[in-house]
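K.L.:
This is data20.cif, which holds mmCIF, C-alpha atoms:
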data_upload
#
loop_
_atom_site.label_atom_id
_atom_site.label_comp_id
_atom_site.auth_asym_id
_atom_site.auth_seq_id
_atom_site.Cartn_x
_atom_site.Cartn_y
_atom_site.Cartn_z
CA MET A 108 115.53 85.83 152.71
CA ASP A 109 114.98 82.08 152.95
CA LEU A 110 111.69 80.52 153.97
CA GLY A 111 112.85 79.71 157.49
CA GLN A 112 113.82 83.32 158.09
CA ILE A 113 110.51 84.52 156.73
CA GLU A 114 108.52 82.21 159.00
CA ALA A 115 110.56 83.33 162.01
CA LYS A 116 110.08 87.02 161.23
CA LEU A 117 106.33 86.55 160.74
CA ARG A 118 106.23 85.42 164.37
CA SER A 119 108.22 88.45 165.55
CA SER A 120 106.69 90.94 167.98
CA ASP A 121 108.19 93.71 165.84
CA VAL A 122 105.66 94.91 163.25
CA GLN A 123 108.40 96.05 160.89
CA GLU A 124 109.96 92.59 160.96
CA ARG A 125 106.62 91.05 160.04
CA ILE A 126 106.21 93.53 157.20
CA ARG A 127 109.70 92.76 155.88
CA ALA A 128 108.87 89.07 155.91
CA MET A 129 105.69 89.64 153.92
CA THR A 130 107.63 91.71 151.40
CA ALA A 131 110.08 88.83 150.98
CA LEU A 132 107.19 86.51 150.14
CA ARG A 133 106.81 88.25 146.78
CA ALA A 134 109.61 86.06 145.48
CA TYR A 135 107.75 82.84 146.36
CA ASP A 136 105.08 80.97 144.44
CA ALA A 137 101.47 81.17 145.57
CA ALA A 138 101.54 77.62 146.93
CA ILE A 139 104.09 78.74 149.53
CA ALA A 140 103.10 82.38 150.00
CA VAL A 141 99.32 82.15 150.34
CA PRO A 142 99.20 79.99 153.52
CA LEU A 143 101.72 82.29 155.20
CA LEU A 144 99.83 85.40 154.09
CA GLN A 145 96.65 83.87 155.44
CA SER A 146 98.20 83.79 158.90
CA CYS A 147 99.05 87.49 158.50
CA CYS A 148 95.37 88.23 157.95
CA GLN A 149 94.80 87.46 161.63
CA ASP A 150 97.46 89.95 162.75
CA SER A 151 96.49 92.44 165.44
CA GLU A 152 97.90 95.35 163.39
CA PHE A 153 95.67 96.61 160.61
CA VAL A 154 98.67 97.66 158.51
CA VAL A 155 99.89 94.05 158.44
CA ARG A 156 96.47 92.80 157.40
CA SER A 157 96.25 95.51 154.72
CA LEU A 158 99.62 94.55 153.28
CA ALA A 159 98.63 90.90 153.38
CA ALA A 160 95.51 91.71 151.38
CA MET A 161 97.58 93.60 148.85
CA ALA A 162 99.97 90.68 148.50
CA LEU A 163 97.11 88.20 148.07
CA GLY A 164 95.94 90.20 145.07
CA HIS A 165 99.20 89.29 143.38
CA LYS A 166 98.95 85.59 144.27
CA ARG A 167 95.72 84.77 142.49
CA THR A 168 94.45 81.35 143.48
CA PRO A 169 91.05 80.09 144.69
CA GLU A 170 92.48 80.09 148.22
CA SER A 171 93.65 83.70 148.07
CA PHE A 172 90.30 84.76 146.61
CA ALA A 173 88.45 83.14 149.51
CA ILE A 174 90.72 84.85 152.04
CA LEU A 175 90.12 88.23 150.40
CA GLN A 176 86.38 87.64 150.48
CA GLY A 177 86.59 87.20 154.24
CA LEU A 178 88.66 90.35 154.69
CA LEU A 179 86.41 92.41 152.44
CA HIS A 180 83.23 91.49 154.22
CA ASP A 181 84.33 90.83 157.79
CA ASP A 182 87.48 92.72 158.79
CA ALA A 183 86.85 95.31 161.49
CA ASP A 184 89.13 97.93 159.96
CA ALA A 185 88.00 99.99 156.95
CA ASN A 186 91.59 100.31 155.69
CA VAL A 187 91.81 96.53 155.42
CA ARG A 188 88.44 96.25 153.71
CA ALA A 189 89.40 98.98 151.24
CA GLU A 190 92.70 97.28 150.41
CA SER A 191 90.88 93.97 150.06
CA ALA A 192 88.52 95.56 147.53
CA ASN A 193 91.50 96.70 145.46
CA ALA A 194 93.11 93.28 145.71
CA ILE A 195 90.05 91.19 144.90
CA ALA A 196 89.38 93.35 141.84
CA ALA A 197 92.56 91.88 140.35
CA PHE A 198 90.59 88.67 139.86
CA GLY A 199 88.43 90.41 137.26
CA GLU A 200 84.74 89.72 136.71
CA THR A 201 84.80 86.95 139.31
CA ALA A 202 85.03 89.66 141.96
CA LEU A 203 81.97 91.61 140.82
CA PRO A 204 79.40 89.93 143.13
CA ASP A 205 81.59 90.57 146.17
CA LEU A 206 82.37 94.15 145.19
CA THR A 207 78.75 95.07 144.51
CA ARG A 208 77.57 93.37 147.69
CA SER A 209 80.18 95.19 149.76
CA PHE A 210 79.27 98.49 148.13
CA ARG A 211 75.65 98.02 149.13
CA GLU A 212 76.40 96.89 152.68
CA ASP A 213 79.54 98.78 153.71
CA GLN A 214 78.87 102.45 154.42
CA HIS A 215 82.45 103.51 155.13
CA TRP A 216 83.57 106.19 152.68
CA LEU A 217 87.05 104.73 152.19
CA VAL A 218 85.72 101.30 151.27
CA ARG A 219 83.15 102.76 148.91
CA LEU A 220 85.71 104.92 147.14
CA SER A 221 87.99 101.92 146.68
CA ILE A 222 85.15 99.87 145.24
CA LEU A 223 84.11 102.61 142.83
CA SER A 224 87.69 102.82 141.59
CA ALA A 225 87.88 99.04 141.25
CA LEU A 226 84.60 98.86 139.34
CA GLN A 227 85.76 101.51 136.89
CA ALA A 228 88.73 99.35 135.98
CA LEU A 229 86.56 96.26 135.37
CA ASN A 230 84.77 97.69 132.32
CA GLN A 231 81.22 96.84 133.34
CA PRO A 232 79.26 99.97 132.36
CA GLN A 233 75.87 99.00 133.76
CA ILE A 234 77.27 97.91 137.13
CA LEU A 235 79.41 101.05 137.29
CA PHE A 236 76.42 103.24 136.43
CA ASP A 237 74.19 101.60 139.04
CA SER A 238 76.89 101.94 141.69
CA ALA A 239 77.51 105.59 140.83
CA VAL A 240 73.79 106.33 141.12
CA LEU A 241 73.71 104.60 144.50
CA ALA A 242 76.77 106.61 145.57
CA LEU A 243 74.95 109.87 144.82
CA GLY A 244 72.90 109.23 147.94
CA ASP A 245 75.90 108.63 150.19
CA ALA A 246 76.24 110.66 153.37
CA ASP A 247 79.89 111.41 152.61
CA LEU A 248 80.64 114.23 150.17
CA SER A 249 83.78 112.59 148.80
CA VAL A 250 81.78 109.54 147.71
CA ARG A 251 79.16 111.74 146.05
CA GLU A 252 81.89 113.70 144.28
CA ALA A 253 83.37 110.44 143.00
CA ALA A 254 79.93 109.43 141.76
CA ILE A 255 79.62 112.66 139.78
CA ASP A 256 83.04 112.12 138.23
CA LEU A 257 82.10 108.57 137.27
CA LEU A 258 78.81 109.61 135.69
CA ALA A 259 80.76 112.12 133.59
CA THR A 260 82.63 109.20 132.01
CA PHE A 261 79.37 108.13 130.34
CA ALA A 262 79.36 111.25 128.17
CA GLY A 263 79.39 110.21 124.52
CA SER A 264 78.25 106.68 125.37
CA PRO A 265 74.84 105.07 124.81
CA MET A 266 74.12 105.77 128.48
CA GLN A 267 74.89 109.48 128.41
CA THR A 268 71.25 110.58 128.59
CA PHE A 269 70.66 108.44 131.68
CA ALA A 270 73.82 109.83 133.27
CA LEU A 271 72.81 113.40 132.53
CA ASP A 272 69.37 112.81 134.02
CA LYS A 273 71.06 111.86 137.31
CA LEU A 274 73.49 114.76 137.22
CA LEU A 275 71.31 117.75 136.37
CA PRO A 276 69.32 117.83 139.65
CA LEU A 277 72.59 118.35 141.52
CA ALA A 278 72.64 121.94 140.26
CA ARG A 279 70.27 122.60 143.18
CA SER A 280 72.47 120.88 145.78
CA GLU A 281 73.07 122.77 149.01
CA HIS A 282 76.75 121.75 148.86
CA TRP A 283 78.94 123.96 146.70
CA GLN A 284 81.48 121.14 146.40
CA LEU A 285 78.94 119.03 144.55
CA ARG A 286 77.88 121.92 142.33
CA ALA A 287 81.53 122.54 141.43
CA HIS A 288 82.07 118.88 140.56
CA LEU A 289 78.88 118.98 138.54
CA ALA A 290 80.14 121.98 136.57
CA ARG A 291 83.30 120.11 135.62
CA ALA A 292 81.29 117.01 134.74
CA LEU A 293 78.83 118.86 132.53
CA HIS A 294 81.61 120.11 130.27
CA CYS A 295 81.96 116.51 129.12
CA PHE A 296 78.44 116.52 127.68
CA ASP A 297 77.36 118.14 124.43
CA GLN A 298 73.60 118.15 125.09
CA HIS A 299 71.78 121.48 125.35
CA GLN A 300 70.57 120.61 128.89
CA ALA A 301 74.18 120.47 130.02
CA ARG A 302 74.99 123.80 128.39
CA GLU A 303 71.92 125.47 129.91
CA THR A 304 72.77 124.18 133.38
CA LEU A 305 76.34 125.45 133.00
CA GLN A 306 74.95 128.89 132.22
CA THR A 307 72.92 128.72 135.42
CA LEU A 308 75.92 127.59 137.45
CA ARG A 309 77.93 130.46 136.03
CA GLN A 310 75.71 132.73 138.12
CA ASP A 311 76.22 130.64 141.28
CA ASP A 312 76.69 132.47 144.57
CA ASN A 313 79.84 130.47 145.33
CA HIS A 314 83.01 131.55 143.52
CA HIS A 315 84.39 127.99 143.51
CA VAL A 316 81.43 126.88 141.42
CA VAL A 317 81.82 129.80 139.02
CA ALA A 318 85.53 129.02 138.71
CA ALA A 319 84.73 125.39 137.87
CA VAL A 320 82.41 126.55 135.10
CA LEU A 321 85.04 128.88 133.69
CA GLU A 322 87.83 126.29 133.92
CA GLY A 323 85.93 123.99 131.63
CA SER A 324 85.23 126.79 129.20
CA VAL A 325 88.94 127.30 128.56
CA ARG A 326 89.96 124.63 126.11
CA PRO A 327 93.37 124.19 124.51
CA SER A 328 93.72 125.30 120.92
CA PRO A 329 93.67 122.49 118.33
CA SER A 330 97.10 121.23 117.42
CA LEU A 331 98.39 122.54 114.12
CA GLY A 332 100.71 119.58 113.79
#
How would this structure read if it were set down as structure tokens?
P.N.:
Amino acid sequence: MDLGQIEAKLRSSDVQERIRAMTALRAYDAAIAVPLLQSCCQDSEFVVRSLAAMALGHKRTPESFAILQGLLHDDADANVRAESANAIAAFGETALPDLTRSFREDQHWLVRLSILSALQALNQPQILFDSAVLALGDADLSVREAAIDLLATFAGSPMQTFALDKLLPLARSEHWQLRAHLARALHCFDQHQARETLQTLRQDDNHHVVAAVLEGSVRPSPSLG
């Protein structure tokens, strides 16, 4: 699709035509694509703005970064903000201030999950740890479950004791989903506190929690090869 066709389709009243035009922009350099994608970020349809954010993550320039900052912090739709978090993370450490700020300020579960995933890929242990701890206090269970899973990744690291200190109190959570996630997480740790808490969770009133404890107890046999 040539540039004239793309520009015409971006003005179409048909959402699918606009999406096809954005897809065609993948073949164009950032100097051409970014200004056109910027116009898509004002589209009335959130799916168009989300796809524009995704595309901007592949056209990494100062201009595309600035556009993604605006979408991440200001777009009215959580889907767009979440996609913008994924896209801006492609810029690496430069994106950390925006991601951490958005995580503190944006309470939508989808945005927060996207940011946690993005932070994990950026290899910044302290920032990831601090964000996971903050996520433990989230109102949404899925965010808290993600926080537990992230803290489990610190097992065997210099920060494992700090991670375990944040995890162990969750054994008393009123939510069985969190206790089940905790059981799976604790199998990653070799400390006696983790083993003792697993023994306690094995007696949990909820069968999902007990199953999570037992799942982790079944380990594959060492390879003989």
K.L.:
When you count all atoms listed in the file, which of these residues is closest to A:Ala160: A:Ala134, A:Ala301, A:Ala319, A:Ala197?
P.N.:
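When distances to A:Ala160 are compared using all atoms listed in the file, the smallest one comes from A:Ala197.
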K.L.:
Quick one: residues within 9 Å of A:Thr268, all atoms listed in the file counted, chain neighbours fewer than 6 positions away excluded, as a compact mmCIF listing (two decimals) with C-alpha atoms, keeping the file's coordinate frame?
P.N.:
# COMPACT_ATOMS: atom_id res chain seq x y z
CA PHE A 261 79.37 108.13 130.34
CA ALA A 262 79.36 111.25 128.17
CA GLN A 298 73.60 118.15 125.09
K.L.:
Can you tell me, as a VMD selection string, what residues are no more than 8 Å from stretch 227-229 of chain A when counting all atoms listed in the file, ignoring any on the same chain fewer than 2 positions away?
P.N.:
chain A and resid 196 199 to 200 223 to 225 231 235 257
K.L.:
How about saving the chosen residues, C-alpha atoms kept, as an mmCIF file, in the coordinates of the input?
P.N.:
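Saved the output as part19.cif:
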data_model
loop_
_atom_site.group_PDB
_atom_site.id
_atom_site.type_symbol
_atom_site.label_atom_id
_atom_site.label_comp_id
_atom_site.auth_asym_id
_atom_site.auth_seq_id
_atom_site.Cartn_x
_atom_site.Cartn_y
_atom_site.Cartn_z
ATOM 1 C CA ALA A 196 89.380 93.350 141.840
ATOM 2 C CA GLY A 199 88.430 90.410 137.260
ATOM 3 C CA GLU A 200 84.740 89.720 136.710
ATOM 4 C CA LEU A 223 84.110 102.610 142.830
ATOM 5 C CA SER A 224 87.690 102.820 141.590
ATOM 6 C CA ALA A 225 87.880 99.040 141.250
ATOM 7 C CA GLN A 231 81.220 96.840 133.340
ATOM 8 C CA LEU A 235 79.410 101.050 137.290
ATOM 9 C CA LEU A 257 82.100 108.570 137.270
#
K.L.:
To verify the selection step, state as an MDAnalysis selection string which residues the PyMOL selection byres ((chain A and resi 139) around 12) yields on this input.
P.N.:
chainID A and resid 109:111 113:114 129 131:138 140:145 163 166 168 170:171
K.L.:
What is the atom CA of A:Ser157 to atom CA of A:Asp184 distance in Å?
P.N.:
9.2 Å
K.L.:
May I ask for the distance between atom CA of A:Trp283 and atom CA of A:His299, given in Å to one decimal place?
P.N.:
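About the pair atom CA of A:Trp283 and atom CA of A:His299: they are 22.7 Å apart.
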K.L.:
Fewer than 6 positions away in the same chain doesn't count, so skip those; otherwise give me all residues within 9 Å of stretch 244-253 of chain A, counting all atoms listed in the file, as a VMD selection string.
P.N.:
chain A and resid 214 to 217 219 to 220 223 to 224 282 284 to 285 288 to 289
K.L.:
Export C-alpha atoms of the chosen residues as a short mmCIF file (atom, residue, chain, number, x, y, z; two decimals), in the frame of the given file?
P.N.:
data_model
loop_
_atom_site.label_atom_id
_atom_site.label_comp_id
_atom_site.auth_asym_id
_atom_site.auth_seq_id
_atom_site.Cartn_x
_atom_site.Cartn_y
_atom_site.Cartn_z
CA GLN A 214 78.87 102.45 154.42
CA HIS A 215 82.45 103.51 155.13
CA TRP A 216 83.57 106.19 152.68
CA LEU A 217 87.05 104.73 152.19
CA ARG A 219 83.15 102.76 148.91
CA LEU A 220 85.71 104.92 147.14
CA LEU A 223 84.11 102.61 142.83
CA SER A 224 87.69 102.82 141.59
CA HIS A 282 76.75 121.75 148.86
CA GLN A 284 81.48 121.14 146.40
CA LEU A 285 78.94 119.03 144.55
CA HIS A 288 82.07 118.88 140.56
CA LEU A 289 78.88 118.98 138.54
#
K.L.:
Looking at all atoms listed in the file, which of A:Arg125, A:Arg208, A:Arg156, A:Arg167 is the one that sits closest to A:Ala185?
P.N.:
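Looking only at the distances to A:Ala185, the closest residue turns out to be A:Arg156.
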K.L.:
Could you expand the PyMOL selection byres ((chain A and resi 308) around 9) into the explicit residues it covers here, written as a list of chain:residue names?
P.N.:
A:Ala278, A:Arg286, A:Ala287, A:Ala290, A:Glu303, A:Thr304, A:Leu305, A:Gln306, A:Thr307, A:Arg309, A:Gln310, A:Asp311, A:Asp312, A:Val316, A:Val317, A:Val320
K.L.:
Limited to C-alpha atoms, could you put the picked residues into a file as a PDB file, keeping the file's coordinate frame?
P.N.:
ATOM      1  CA  ALA A 278      72.640 121.940 140.260  1.00  0.00           C
ATOM      2  CA  ARG A 286      77.880 121.920 142.330  1.00  0.00           C
ATOM      3  CA  ALA A 287      81.530 122.540 141.430  1.00  0.00           C
ATOM      4  CA  ALA A 290      80.140 121.980 136.570  1.00  0.00           C
ATOM      5  CA  GLU A 303      71.920 125.470 129.910  1.00  0.00           C
ATOM      6  CA  THR A 304      72.770 124.180 133.380  1.00  0.00           C
ATOM      7  CA  LEU A 305      76.340 125.450 133.000  1.00  0.00           C
ATOM      8  CA  GLN A 306      74.950 128.890 132.220  1.00  0.00           C
ATOM      9  CA  THR A 307      72.920 128.720 135.420  1.00  0.00           C
ATOM     10  CA  ARG A 309      77.930 130.460 136.030  1.00  0.00           C
ATOM     11  CA  GLN A 310      75.710 132.730 138.120  1.00  0.00           C
ATOM     12  CA  ASP A 311      76.220 130.640 141.280  1.00  0.00           C
ATOM     13  CA  ASP A 312      76.690 132.470 144.570  1.00  0.00           C
ATOM     14  CA  VAL A 316      81.430 126.880 141.420  1.00  0.00           C
ATOM     15  CA  VAL A 317      81.820 129.800 139.020  1.00  0.00           C
ATOM     16  CA  VAL A 320      82.410 126.550 135.100  1.00  0.00           C
TER      17      VAL A 320
END
K.L.:
Considering all atoms listed in the file, state which residue in the set A:Ala183, A:Ala318, A:Ile255, A:Leu275 is at the smallest distance from A:Arg302.
P.N.:
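Closest to A:Arg302, using all atoms listed in the file: A:Leu275.
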K.L.:
Mind giving me the straight-line distance from atom CA of A:Gln300 to atom CA of A:His314 in Å, one decimal?
P.N.:
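Calculated distance between atom CA of A:Gln300 and atom CA of A:His314 is 22.1 Å.
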K.L.:
Please provide the set of residues having any atom within 7 Å of stretch 236-241 of chain A, restricted to all atoms listed in the file, with same-chain residues fewer than 4 positions apart removed, written as number ranges by chain.
P.N.:
A: 232, 254, 257-258
K.L.:
Would you be able to write out as a PyMOL selection string which residues have an atom within 10 Å of (94.3, 94.6, 162.4) in the file's coordinates, counting only C-alpha atoms?
P.N.:
chain A and resi 147-157+182-187
K.L.:
For A:Ile195, find every residue with an atom within 10 Å (counting all atoms listed in the file), except residues of its own chain fewer than 6 positions away, and show them as a VMD selection string.
P.N.:
chain A and resid 160 to 161 163 to 165 167 171 to 176 178 to 179 201 to 203 205 to 206 222 225
K.L.:
Assuming the chain letters and numbering stay as they are in my file, what does the PyMOL selection byres ((chain A and resi 296) around 8) actually select? List them as a ChimeraX atom specification.
P.N.:
/A:259,262-263,267,292-295,297-298,301
K.L.:
Please determine, counting only C-alpha atoms, which residue among A:Glu124, A:Thr260, A:Thr207, A:Val218 has the shortest atom-to-atom distance to A:Ile234.
P.N.:
A:Thr207
K.L.:
Which is closer to A:Arg127 than all the others in A:Ser209, A:Asn313, A:Gln233, A:Gln112, using only C-alpha atoms?
P.N.:
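Counting only C-alpha atoms, the residue closest to A:Arg127 is A:Gln112.
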